[in-house]
Structures are given as C-alpha cells and as structure tokens.
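final_2.cif, holding mmCIF, C-alpha atoms:
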data_final
loop_
_atom_site.group_PDB
_atom_site.id
_atom_site.type_symbol
_atom_site.label_atom_id
_atom_site.label_comp_id
_atom_site.auth_asym_id
_atom_site.auth_seq_id
_atom_site.Cartn_x
_atom_site.Cartn_y
_atom_site.Cartn_z
ATOM 1 C CA MET A 1 159.588 85.714 62.558
ATOM 2 C CA LYS A 2 158.230 83.688 59.639
ATOM 3 C CA HIS A 3 158.972 84.886 56.138
ATOM 4 C CA SER A 4 155.268 84.915 55.276
ATOM 5 C CA GLU A 5 154.428 87.450 57.973
ATOM 6 C CA PHE A 6 155.536 90.461 55.932
ATOM 7 C CA LYS A 7 152.726 92.454 54.295
ATOM 8 C CA PHE A 8 152.921 94.632 51.217
ATOM 9 C CA PHE A 9 150.520 97.587 51.023
ATOM 10 C CA PHE A 10 149.459 99.149 47.722
ATOM 11 C CA ILE A 11 147.851 102.592 47.489
ATOM 12 C CA THR A 12 145.124 102.872 44.859
ATOM 13 C CA ASN A 13 141.558 104.030 44.292
ATOM 14 C CA VAL A 14 141.144 102.029 41.061
ATOM 15 C CA PRO A 15 139.096 98.854 41.624
ATOM 16 C CA GLU A 16 140.525 96.967 38.637
ATOM 17 C CA LEU A 17 144.064 97.758 39.768
ATOM 18 C CA ALA A 18 143.248 96.622 43.294
ATOM 19 C CA VAL A 19 142.048 93.264 41.938
ATOM 20 C CA PHE A 20 145.170 92.989 39.752
ATOM 21 C CA VAL A 21 147.741 93.631 42.511
ATOM 22 C CA ALA A 22 145.866 91.641 45.153
ATOM 23 C CA SER A 23 146.161 88.576 42.937
ATOM 24 C CA ARG A 24 149.896 89.204 42.484
ATOM 25 C CA GLY A 25 151.309 89.399 45.975
ATOM 26 C CA VAL A 26 149.782 92.486 47.636
ATOM 27 C CA ASP A 27 148.300 91.846 51.079
ATOM 28 C CA ARG A 28 146.475 95.101 51.839
ATOM 29 C CA ILE A 29 144.861 97.733 49.613
ATOM 30 C CA PHE A 30 145.379 101.231 50.972
ATOM 31 C CA VAL A 31 142.824 103.943 50.151
ATOM 32 C CA ASP A 32 144.185 107.363 51.055
ATOM 33 C CA LEU A 33 141.506 109.820 52.161
ATOM 34 C CA GLU A 34 143.955 112.179 53.904
ATOM 35 C CA ILE A 35 144.139 115.672 52.432
ATOM 36 C CA ASP A 36 144.026 118.133 55.342
ATOM 37 C CA GLY A 37 147.387 119.921 55.506
ATOM 38 C CA LYS A 38 149.148 117.509 53.178
ATOM 39 C CA VAL A 39 149.786 119.949 50.350
ATOM 40 C CA GLU A 40 151.310 122.421 52.800
ATOM 41 C CA ARG A 41 153.611 119.755 54.272
ATOM 42 C CA GLN A 42 154.634 117.822 51.177
ATOM 43 C CA GLY A 43 153.718 119.963 48.187
ATOM 44 C CA HIS A 44 157.387 120.689 47.453
ATOM 45 C CA LEU A 45 158.315 116.997 47.353
ATOM 46 C CA SER A 46 157.854 114.306 44.719
ATOM 47 C CA THR A 47 155.512 112.407 47.040
ATOM 48 C CA VAL A 48 152.034 111.275 46.083
ATOM 49 C CA ILE A 49 149.176 113.452 47.342
ATOM 50 C CA SER A 50 146.121 111.308 46.745
ATOM 51 C CA ARG A 51 142.660 112.620 45.980
ATOM 52 C CA HIS A 52 140.754 109.534 46.992
ATOM 53 C CA SER A 53 137.130 109.655 48.136
ATOM 54 C CA PHE A 54 134.726 107.616 50.245
ATOM 55 C CA GLU A 55 133.083 106.571 46.979
ATOM 56 C CA ASP A 56 136.468 105.162 45.938
ATOM 57 C CA LEU A 57 136.700 103.303 49.245
ATOM 58 C CA ALA A 58 133.292 101.726 48.637
ATOM 59 C CA ALA A 59 134.277 100.681 45.116
ATOM 60 C CA ILE A 60 137.535 99.142 46.330
ATOM 61 C CA ARG A 61 135.744 97.304 49.137
ATOM 62 C CA GLN A 62 133.306 95.811 46.657
ATOM 63 C CA ALA A 63 136.067 94.890 44.191
ATOM 64 C CA VAL A 64 138.244 92.922 46.645
ATOM 65 C CA PRO A 65 135.902 91.377 49.211
ATOM 66 C CA GLY A 66 138.467 88.875 50.492
ATOM 67 C CA VAL A 67 141.394 91.302 50.782
ATOM 68 C CA GLU A 68 142.298 93.653 53.634
ATOM 69 C CA VAL A 69 141.316 97.242 52.875
ATOM 70 C CA MET A 70 142.793 100.092 54.894
ATOM 71 C CA ALA A 71 141.583 103.702 54.824
ATOM 72 C CA ARG A 72 143.825 106.544 55.912
ATOM 73 C CA LEU A 73 141.593 109.284 57.293
ATOM 74 C CA ASN A 74 142.386 112.939 57.941
ATOM 75 C CA PRO A 75 144.233 113.956 61.110
ATOM 76 C CA LEU A 76 142.068 114.162 64.223
ATOM 77 C CA HIS A 77 139.532 117.005 63.870
ATOM 78 C CA ARG A 78 135.893 117.831 64.589
ATOM 79 C CA GLY A 79 134.745 115.688 61.691
ATOM 80 C CA THR A 80 136.706 112.562 62.637
ATOM 81 C CA LYS A 81 133.687 110.722 64.055
ATOM 82 C CA GLN A 82 131.768 111.229 60.804
ATOM 83 C CA GLU A 83 134.759 109.969 58.799
ATOM 84 C CA VAL A 84 135.161 106.919 61.035
ATOM 85 C CA ASP A 85 131.438 106.120 60.943
ATOM 86 C CA ARG A 86 131.388 106.324 57.175
ATOM 87 C CA ALA A 87 134.516 104.199 56.675
ATOM 88 C CA VAL A 88 133.236 101.564 59.099
ATOM 89 C CA ALA A 89 129.855 101.475 57.364
ATOM 90 C CA ILE A 90 131.580 100.952 54.009
ATOM 91 C CA GLY A 91 133.481 98.007 55.451
ATOM 92 C CA ALA A 92 137.085 99.124 55.878
ATOM 93 C CA ASP A 93 139.075 96.484 57.756
ATOM 94 C CA VAL A 94 141.664 98.905 59.104
ATOM 95 C CA LEU A 95 141.651 102.663 59.783
ATOM 96 C CA MET A 96 144.843 104.702 59.782
ATOM 97 C CA LEU A 97 145.198 107.938 61.757
ATOM 98 C CA PRO A 98 147.948 110.247 60.435
ATOM 99 C CA MET A 99 149.807 113.219 61.938
ATOM 100 C CA PHE A 100 148.870 112.697 65.592
ATOM 101 C CA THR A 101 151.392 113.997 68.118
ATOM 102 C CA SER A 102 150.516 112.257 71.381
ATOM 103 C CA ALA A 103 149.197 109.019 72.817
ATOM 104 C CA GLN A 104 146.227 111.021 74.110
ATOM 105 C CA ASP A 105 145.214 111.966 70.564
ATOM 106 C CA LEU A 106 145.450 108.342 69.478
ATOM 107 C CA ALA A 107 143.465 107.200 72.528
ATOM 108 C CA GLU A 108 140.714 109.639 71.529
ATOM 109 C CA PHE A 109 140.680 108.137 68.033
ATOM 110 C CA CYS A 110 140.500 104.622 69.512
ATOM 111 C CA SER A 111 137.519 105.715 71.577
ATOM 112 C CA ILE A 112 135.763 106.990 68.447
ATOM 113 C CA VAL A 113 136.430 103.740 66.577
ATOM 114 C CA ASP A 114 135.241 101.807 69.650
ATOM 115 C CA GLY A 115 136.406 98.402 68.489
ATOM 116 C CA ARG A 116 134.428 98.472 65.250
ATOM 117 C CA CYS A 117 137.512 97.742 63.159
ATOM 118 C CA ARG A 118 141.276 97.510 63.536
ATOM 119 C CA ILE A 119 143.502 100.581 63.872
ATOM 120 C CA CYS A 120 146.918 101.147 62.311
ATOM 121 C CA PRO A 121 148.290 104.492 63.567
ATOM 122 C CA LEU A 122 150.760 106.281 61.311
ATOM 123 C CA VAL A 123 153.704 107.386 63.436
ATOM 124 C CA GLU A 124 155.115 110.269 61.409
ATOM 125 C CA THR A 125 155.606 113.148 63.854
ATOM 126 C CA VAL A 126 158.340 113.752 66.400
ATOM 127 C CA GLY A 127 155.676 113.896 69.108
ATOM 128 C CA ALA A 128 154.366 110.448 68.204
ATOM 129 C CA MET A 129 157.905 109.096 67.915
ATOM 130 C CA ASN A 130 158.711 110.334 71.414
ATOM 131 C CA ALA A 131 155.453 108.864 72.777
ATOM 132 C CA ILE A 132 155.993 105.439 71.243
ATOM 133 C CA ALA A 133 156.006 103.591 74.578
ATOM 134 C CA GLU A 134 152.659 105.109 75.567
ATOM 135 C CA ILE A 135 151.268 104.355 72.103
ATOM 136 C CA ALA A 136 152.407 100.736 72.278
ATOM 137 C CA ALA A 137 150.661 100.373 75.639
ATOM 138 C CA LEU A 138 147.229 101.383 74.310
ATOM 139 C CA PRO A 139 144.949 98.309 74.418
ATOM 140 C CA ASP A 140 143.467 98.840 70.942
ATOM 141 C CA ILE A 141 146.840 99.076 69.191
ATOM 142 C CA ASP A 142 148.427 95.855 67.968
ATOM 143 C CA GLU A 143 150.033 97.279 64.821
ATOM 144 C CA LEU A 144 151.258 100.611 63.474
ATOM 145 C CA HIS A 145 153.194 102.026 60.561
ATOM 146 C CA ILE A 146 156.192 104.348 60.772
ATOM 147 C CA GLY A 147 155.939 106.991 58.041
ATOM 148 C CA LEU A 148 159.211 108.444 56.836
ATOM 149 C CA ASN A 149 157.963 111.280 54.601
ATOM 150 C CA ASP A 150 156.660 113.647 57.255
ATOM 151 C CA LEU A 151 158.943 112.338 60.007
ATOM 152 C CA HIS A 152 162.124 113.157 58.123
ATOM 153 C CA LEU A 153 160.765 116.621 57.290
ATOM 154 C CA GLU A 154 159.940 117.409 60.913
ATOM 155 C CA LEU A 155 163.370 116.161 61.985
ATOM 156 C CA GLY A 156 164.949 118.605 59.518
ATOM 157 C CA SER A 157 166.438 115.835 57.383
ATOM 158 C CA SER A 158 167.036 116.140 53.664
ATOM 159 C CA PHE A 159 166.689 112.437 52.790
ATOM 160 C CA LEU A 160 163.865 110.022 53.522
ATOM 161 C CA PHE A 161 166.002 107.376 55.200
ATOM 162 C CA GLU A 162 168.005 109.639 57.517
ATOM 163 C CA PRO A 163 165.808 108.711 60.531
ATOM 164 C CA LEU A 164 166.736 105.070 59.889
ATOM 165 C CA ALA A 165 170.466 105.787 59.678
ATOM 166 C CA ALA A 166 170.331 108.047 62.746
ATOM 167 C CA GLY A 167 168.839 105.384 65.022
ATOM 168 C CA HIS A 168 165.361 106.888 65.491
ATOM 169 C CA ILE A 169 163.675 103.831 63.968
ATOM 170 C CA ASP A 170 165.833 101.467 66.030
ATOM 171 C CA ARG A 171 164.687 103.064 69.268
ATOM 172 C CA MET A 172 161.026 102.759 68.302
ATOM 173 C CA ALA A 173 161.461 99.207 67.016
ATOM 174 C CA THR A 174 162.958 98.022 70.303
ATOM 175 C CA ILE A 175 159.991 99.366 72.269
ATOM 176 C CA LEU A 176 157.454 97.970 69.812
ATOM 177 C CA ARG A 177 159.014 94.502 69.712
ATOM 178 C CA ASP A 178 159.102 94.362 73.512
ATOM 179 C CA ALA A 179 155.423 95.375 73.615
ATOM 180 C CA GLY A 180 154.411 92.829 70.987
ATOM 181 C CA VAL A 181 153.148 95.504 68.574
ATOM 182 C CA LYS A 182 153.678 94.762 64.884
ATOM 183 C CA PHE A 183 155.012 97.628 62.813
ATOM 184 C CA GLY A 184 155.812 98.485 59.223
ATOM 185 C CA VAL A 185 158.274 101.085 57.990
ATOM 186 C CA GLY A 186 158.039 103.376 54.955
ATOM 187 C CA GLY A 187 157.961 102.163 51.397
ATOM 188 C CA LEU A 188 159.989 100.071 48.968
ATOM 189 C CA ALA A 189 161.214 100.491 45.410
ATOM 190 C CA ARG A 190 162.154 97.522 43.208
ATOM 191 C CA VAL A 191 165.130 95.307 43.930
ATOM 192 C CA GLY A 192 168.200 97.036 42.522
ATOM 193 C CA GLU A 193 166.510 100.422 42.401
ATOM 194 C CA GLY A 194 166.190 103.492 44.580
ATOM 195 C CA LEU A 195 168.776 105.932 45.927
ATOM 196 C CA LEU A 196 169.039 103.420 48.745
ATOM 197 C CA PRO A 197 168.508 100.044 47.014
ATOM 198 C CA ALA A 198 165.443 98.121 48.131
ATOM 199 C CA GLU A 199 167.466 95.030 49.014
ATOM 200 C CA LEU A 200 169.480 97.035 51.568
ATOM 201 C CA VAL A 201 166.278 98.497 53.002
ATOM 202 C CA LEU A 202 164.848 94.988 53.321
ATOM 203 C CA GLY A 203 167.900 93.974 55.350
ATOM 204 C CA GLU A 204 166.974 96.754 57.757
ATOM 205 C CA HIS A 205 163.383 95.499 57.902
ATOM 206 C CA VAL A 206 164.640 92.078 58.968
ATOM 207 C CA ARG A 207 167.099 93.526 61.505
ATOM 208 C CA LEU A 208 164.401 95.729 63.026
ATOM 209 C CA GLY A 209 161.666 93.090 63.001
ATOM 210 C CA SER A 210 159.367 95.075 60.713
ATOM 211 C CA THR A 211 156.291 93.326 59.341
ATOM 212 C CA ALA A 212 155.121 95.582 56.480
ATOM 213 C CA ALA A 213 156.021 98.132 53.836
ATOM 214 C CA ILE A 214 154.207 100.151 51.188
ATOM 215 C CA LEU A 215 155.019 99.477 47.545
ATOM 216 C CA SER A 216 156.106 102.969 46.561
ATOM 217 C CA ARG A 217 155.271 104.985 43.480
ATOM 218 C CA THR A 218 158.856 104.290 42.357
ATOM 219 C CA PHE A 219 158.073 100.575 42.474
ATOM 220 C CA HIS A 220 155.215 100.802 39.969
ATOM 221 C CA ARG A 221 156.241 104.059 38.244
ATOM 222 C CA GLY A 222 153.033 105.769 39.290
ATOM 223 C CA ALA A 223 150.849 103.512 37.130
ATOM 224 C CA VAL A 224 147.147 104.134 37.696
ATOM 225 C CA SER A 225 145.652 101.422 35.482
ATOM 226 C CA VAL A 226 146.072 97.699 34.902
ATOM 227 C CA GLU A 227 147.191 98.389 31.339
ATOM 228 C CA ALA A 228 149.876 100.817 32.443
ATOM 229 C CA ILE A 229 151.257 98.609 35.179
ATOM 230 C CA ALA A 230 151.227 95.499 32.993
ATOM 231 C CA ALA A 231 153.088 97.372 30.248
ATOM 232 C CA GLU A 232 155.630 98.723 32.729
ATOM 233 C CA MET A 233 156.535 95.592 34.693
ATOM 234 C CA ASP A 234 155.952 91.960 35.584
ATOM 235 C CA PHE A 235 154.297 92.953 38.854
ATOM 236 C CA ALA A 236 154.119 89.507 40.450
ATOM 237 C CA HIS A 237 157.755 88.815 39.580
ATOM 238 C CA GLU A 238 158.953 92.087 41.129
ATOM 239 C CA VAL A 239 156.986 91.410 44.318
ATOM 240 C CA THR A 240 158.498 87.918 44.451
ATOM 241 C CA LYS A 241 161.980 89.412 44.070
ATOM 242 C CA LEU A 242 161.328 91.627 47.098
ATOM 243 C CA ARG A 243 160.161 88.643 49.139
ATOM 244 C CA GLN A 244 163.195 86.616 48.072
ATOM 245 C CA ALA A 245 165.569 89.467 48.918
ATOM 246 C CA ARG A 246 163.998 89.737 52.368
ATOM 247 C CA ALA A 247 164.042 85.960 52.931
ATOM 248 C CA ALA A 248 167.774 85.823 52.188
ATOM 249 C CA TYR A 249 168.504 87.939 55.270
ATOM 250 C CA PHE A 250 167.066 85.332 57.626
ATOM 251 C CA SER A 251 170.294 83.364 57.204
ATOM 252 C CA TYR A 252 172.292 86.363 58.502
ATOM 253 C CA ASP A 253 173.512 86.465 62.082
ATOM 254 C CA ALA A 254 173.326 89.641 64.175
ATOM 255 C CA GLY A 255 176.811 90.719 63.134
ATOM 256 C CA SER A 256 176.009 90.398 59.451
ATOM 257 C CA LEU A 257 172.785 92.387 59.853
ATOM 258 C CA ALA A 258 174.752 95.049 61.748
ATOM 259 C CA ALA A 259 177.116 95.233 58.784
ATOM 260 C CA VAL A 260 174.140 95.862 56.490
ATOM 261 C CA HIS A 261 173.057 98.669 58.819
ATOM 262 C CA ALA A 262 176.562 100.152 58.677
ATOM 263 C CA GLU A 263 176.405 100.080 54.888
ATOM 264 C CA VAL A 264 173.019 101.811 54.995
ATOM 265 C CA GLN A 265 174.443 104.511 57.260
ATOM 266 C CA LYS A 266 177.399 104.980 54.905
ATOM 267 C CA ARG A 267 175.202 105.304 51.821
ATOM 268 C CA VAL A 268 172.715 107.617 53.520
ATOM 269 C CA GLY A 269 175.619 109.847 54.534
ATOM 270 C CA GLN A 270 176.848 109.937 50.950
ATOM 271 C CA ILE A 271 173.384 110.817 49.649
ATOM 272 C CA VAL A 272 172.928 113.588 52.231
ATOM 273 C CA ARG A 273 176.327 115.082 51.404
ATOM 274 C CA ALA A 274 175.550 114.948 47.682
ATOM 275 C CA LYS A 275 172.240 116.722 48.259
ATOM 276 C CA ALA A 276 173.962 119.384 50.328
ATOM 277 C CA GLY A 277 176.547 119.892 47.622
ATOM 278 C CA ALA A 278 173.890 120.171 44.934
ATOM 279 C CA GLY A 279 172.074 122.741 47.050
ATOM 280 C CA LYS A 280 175.155 124.923 47.212
ATOM 281 C CA ALA A 281 175.847 124.685 43.490
#

Now that the file is in, can you turn its structure into structure tokens?
Amino acid sequence: MKHSEFKFFFITNVPELAVFVASRGVDRIFVDLEIDGKVERQGHLSTVISRHSFEDLAAIRQAVPGVEVMARLNPLHRGTKQEVDRAVAIGADVLMLPMFTSAQDLAEFCSIVDGRCRICPLVETVGAMNAIAEIAALPDIDELHIGLNDLHLELGSSFLFEPLAAGHIDRMATILRDAGVKFGVGGLARVGEGLLPAELVLGEHVRLGSTAAILSRTFHRGAVSVEAIAAEMDFAHEVTKLRQARAAYFSYDAGSLAAVHAEVQKRVGQIVRAKAGAGKA
C-alpha cells in the first residue's frame, strides 16, 4: 500500500471550514444528515450528534467543487429513496448508509442508489459485522467504513477501541483485504493525544491495511469555524504529523506490527479496568 492512499475525513456543515481543511490535508468532507435513533443510541456519550441539513450539503458542495463530499443519510426507511434522490441531485460524490444489519439491507440501498454515485456503507452493528463477507461480495461496494461508536456499544464494551483489541476488526479486515474492498476504521485524535494515542492507532491502521479515518472532535477540539480552529491549532501541521506517524510504520516488519498490536491490547485492557474501577467508586 502506498503512503498516499490514506484518506482523512472531516465532518462539518460550515462551507468556510470545509474550504480551510480541504486545503490543509483533508481528502473528503463528510456531511452528517443522520439523526434517526442517534440520540437514543449515543445521547449518553460525548460523541457528536450532528444537526446537518440538505441545505448544508448543497452549500458544502458549492464551496469545495474539486473535493470529495460524502453524505451520511438516515438508516434505511420509507423515505430513503427521497433522501438518496435529493443527495444525488445536490451532487454528493459518496453516500453512507448507517446502522444496517444485513447484506440484504445494503443491497436494497444499492438498488435505490442505482449507480448514480459511490457508496460507503458504515459497518457499525453486530449484524453487519457478521455479514461482512456477504457485504464485501456486493458488486456496488468497493469501500466501507467501520464505525466504532455504535459497534462497541452493541458489543457491550465500555471503551471505543475494545473491538480492535478483541480481534473483531482483524476478522473483518482479513475478509475485506481478500475481497479487494477498501476500508477505513473509526477516528483519530492528534499525535500524542487520546486515551489510546493516535500514533498507536495508526500502527493498527497499517497492520490492518486500513485506508481512511475520520479526524475526530478531539483532534480539532470541536471547532466549528475557521477562526476557532486556526486559534486552536496549526491544522496542516497536525495532519502532517499524523501522516508521518503512519508512514513510519511502513518500515516495520510483521513481528514489529504485532508488537504494536500487543501494546494496544495491553493499554485497552488498562483503560477498561480503570473505567470499571471508576464505575464502582
């Protein structure tokens, strides 16, 4: 895999911010139209629940004409065709379907899209995880993203990266690599930051063969304007540091990457135990 083949996604509905980050290392702008059921699933967490609109999608599309724009729609429902038609008409390059639980559901979505734009399914349920071979075999699917927020909740985990430490992501990655389907995993904080430092997570991306990650709210501190993000960080420099940290792992042999995975498992175990202890206090 070439170093340049890794994409960073950035979630925003602010056109000026989309222009700013796209000129500083972001490969795909991510407009998040999903709202159905999200508050019920994640309302107790510190995750972002976006309130983006189709009007936002249109504004983003106009602001960054030469940049990939992806729209995450609502889970499959009676209004999915209307959502797809509208997003396609606006000019979204990629549509993301969340919270599906079977290859049949995803095939139905593919039929609705009917080749009008690319599809990036969000594998974030146990059902989708277990159906990964069938999903990878669908003719319209050449990429997907593995979402850790909802997946770790459904698995009964207390920490975002437990599915990675437990081997669930490894099993999916093996199937996806063999099928030639590109996949991203979760999100990234800054180098040197995060309960599980981003540079360790990037080692796992290289070991797994992942091709994308979302720049998390932790990465940019939840900034929602150019002024706020520019005051908070040197955005381009921090993106470059992530790319450099990832590139360094390409000199590692399989044994060295396995050692990184062992360190990730160790640290995840420590975090989970600490959370359990705090819960009992």

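Proximity of A:Ser225, A:Gly209, A:Val181, A:Phe219 to Phe250 (chain A), computed with all atoms listed in the file, is greatest for A:Gly209.
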
Worksheet item: Leaving out region 95-108 of chain A and any residue of its chain fewer than 3 positions from it, which residues lie within 6 Å of it when counting all atoms listed in the file, given as a ChimeraX atom specification?
Response: /A:70-73,75,111,119-122,127-128,134-135

If you apply the PyMOL selection byres ((chain A and resi 266) around 12) to this file, what residues do you get, as a PDB file with C-alpha atoms, keeping the file's coordinate frame?
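Result file follows (out_13.pdb):
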ATOM      1  CA  PHE A 161     166.002 107.376  55.200  1.00  0.00           C
ATOM      2  CA  GLU A 162     168.005 109.639  57.517  1.00  0.00           C
ATOM      3  CA  LEU A 164     166.736 105.070  59.889  1.00  0.00           C
ATOM      4  CA  ALA A 165     170.466 105.787  59.678  1.00  0.00           C
ATOM      5  CA  ALA A 166     170.331 108.047  62.746  1.00  0.00           C
ATOM      6  CA  LEU A 196     169.039 103.420  48.745  1.00  0.00           C
ATOM      7  CA  LEU A 200     169.480  97.035  51.568  1.00  0.00           C
ATOM      8  CA  ALA A 259     177.116  95.233  58.784  1.00  0.00           C
ATOM      9  CA  VAL A 260     174.140  95.862  56.490  1.00  0.00           C
ATOM     10  CA  HIS A 261     173.057  98.669  58.819  1.00  0.00           C
ATOM     11  CA  ALA A 262     176.562 100.152  58.677  1.00  0.00           C
ATOM     12  CA  GLU A 263     176.405 100.080  54.888  1.00  0.00           C
ATOM     13  CA  VAL A 264     173.019 101.811  54.995  1.00  0.00           C
ATOM     14  CA  GLN A 265     174.443 104.511  57.260  1.00  0.00           C
ATOM     15  CA  ARG A 267     175.202 105.304  51.821  1.00  0.00           C
ATOM     16  CA  VAL A 268     172.715 107.617  53.520  1.00  0.00           C
ATOM     17  CA  GLY A 269     175.619 109.847  54.534  1.00  0.00           C
ATOM     18  CA  GLN A 270     176.848 109.937  50.950  1.00  0.00           C
ATOM     19  CA  ILE A 271     173.384 110.817  49.649  1.00  0.00           C
ATOM     20  CA  VAL A 272     172.928 113.588  52.231  1.00  0.00           C
ATOM     21  CA  ARG A 273     176.327 115.082  51.404  1.00  0.00           C
TER      22      ARG A 273
END

Fill in: Distance criterion (all atoms listed in the file): nearest to Ile214 (chain A) out of A:Lys280, A:Arg190, A:Arg78, A:Arg24
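Smallest distance to Ile214 (chain A) is found for A:Arg190.
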
Worksheet item: Near region 55-64 of chain A, within 6 Å and counting only C-alpha atoms, which residues show up once chain neighbours fewer than 6 positions away are dropped, as a list in words?
Response: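 Contacts, with the query itself left out: Asn13, Pro15 and Ile90 of chain A.
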
Could you save those same residues with C-alpha atoms as a PDB file, keeping the file's coordinate frame?
ATOM      1  CA  ASN A  13     141.558 104.030  44.292  1.00  0.00           C
ATOM      2  CA  PRO A  15     139.096  98.854  41.624  1.00  0.00           C
ATOM      3  CA  ILE A  90     131.580 100.952  54.009  1.00  0.00           C
TER       4      ILE A  90
END

Worksheet item: CA of Phe30 (chain A) and CA of Gly187 (chain A), how far apart in Å?
Response: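 If I compute the distance from CA of Gly187 (chain A) to CA of Phe30 (chain A), I get 12.6 Å.
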
Worksheet entry | Interatomic distance, CA of Pro139 (chain A) to CA of Gly115 (chain A) (Å, one decimal) |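 Computing it gives 10.4 Å between the two atoms.
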
Item to complete: Skip region 229-234 of chain A itself and residues of its chain fewer than 2 positions away, then list as a PyMOL selection string all residues within 10 Å of it, counting only C-alpha atoms.
Response: chain A and resi 17+20-21+24+219-227+236-239

Worksheet entry | Separation of CA of Leu160 (chain A) from CA of Ile29 (chain A) in Å | 23.0 Å

Item to complete: Show which residues sit within 12 Å of Leu155 (chain A), as a PyMOL selection string. Count only C-alpha atoms, and ignore same-chain residues fewer than 2 positions away.
Response: chain A and resi 124-127+129+148-153+157-164+166+168

Worksheet item: If you apply the PyMOL selection byres ((chain A and resi 145) around 8) to this file, what residues do you get, as a ChimeraX atom specification?
Response: /A:120-123,143-144,146-147,183-186,212

May I have the selected residues written with C-alpha atoms, as an mmCIF file, in the coordinates of the input?
data_model
loop_
_atom_site.group_PDB
_atom_site.id
_atom_site.type_symbol
_atom_site.label_atom_id
_atom_site.label_comp_id
_atom_site.auth_asym_id
_atom_site.auth_seq_id
_atom_site.Cartn_x
_atom_site.Cartn_y
_atom_site.Cartn_z
ATOM 1 C CA CYS A 120 146.918 101.147 62.311
ATOM 2 C CA PRO A 121 148.290 104.492 63.567
ATOM 3 C CA LEU A 122 150.760 106.281 61.311
ATOM 4 C CA VAL A 123 153.704 107.386 63.436
ATOM 5 C CA GLU A 143 150.033 97.279 64.821
ATOM 6 C CA LEU A 144 151.258 100.611 63.474
ATOM 7 C CA ILE A 146 156.192 104.348 60.772
ATOM 8 C CA GLY A 147 155.939 106.991 58.041
ATOM 9 C CA PHE A 183 155.012 97.628 62.813
ATOM 10 C CA GLY A 184 155.812 98.485 59.223
ATOM 11 C CA VAL A 185 158.274 101.085 57.990
ATOM 12 C CA GLY A 186 158.039 103.376 54.955
ATOM 13 C CA ALA A 212 155.121 95.582 56.480
#

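Using all atoms listed in the file, the shortest contact distance between Lys7 (chain A) and any of A:Glu154, A:Glu68, A:Asp178, A:Asp253 is found at A:Glu68.
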
Practice prompt. Up to 9 Å from (162.2, 87.1, 53.7) in the file's coordinates: name the residues, counting all atoms listed in the file, as a list of chain:residue names.
Written response: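 Nearby residues: A:Lys2, A:His3, A:Ser4, A:Glu5, A:Phe6, A:Leu202, A:Val206, A:Leu242, A:Arg243, A:Gln244, A:Ala245, A:Arg246, A:Ala247, A:Ala248, A:Tyr249, A:Phe250.
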
Worksheet entry | Pick from A:Gln82, A:Leu33, A:His52, A:Ala18 nearest to Val67 (chain A), counting only C-alpha atoms | A:Ala18

Worksheet entry | Selected residue of minimal separation from Glu204 (chain A) among A:Thr80, A:Thr240, A:Thr218, A:Ser256, counting all atoms listed in the file |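 Checking each of A:Thr80, A:Thr240, A:Thr218, A:Ser256 against Glu204 (chain A), counting all atoms listed in the file, the winner is A:Ser256.
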
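Nearest residue to Gly192 (chain A) among A:Lys241, A:Ala276, A:Val19, A:Pro65 is A:Lys241, counting all atoms listed in the file.
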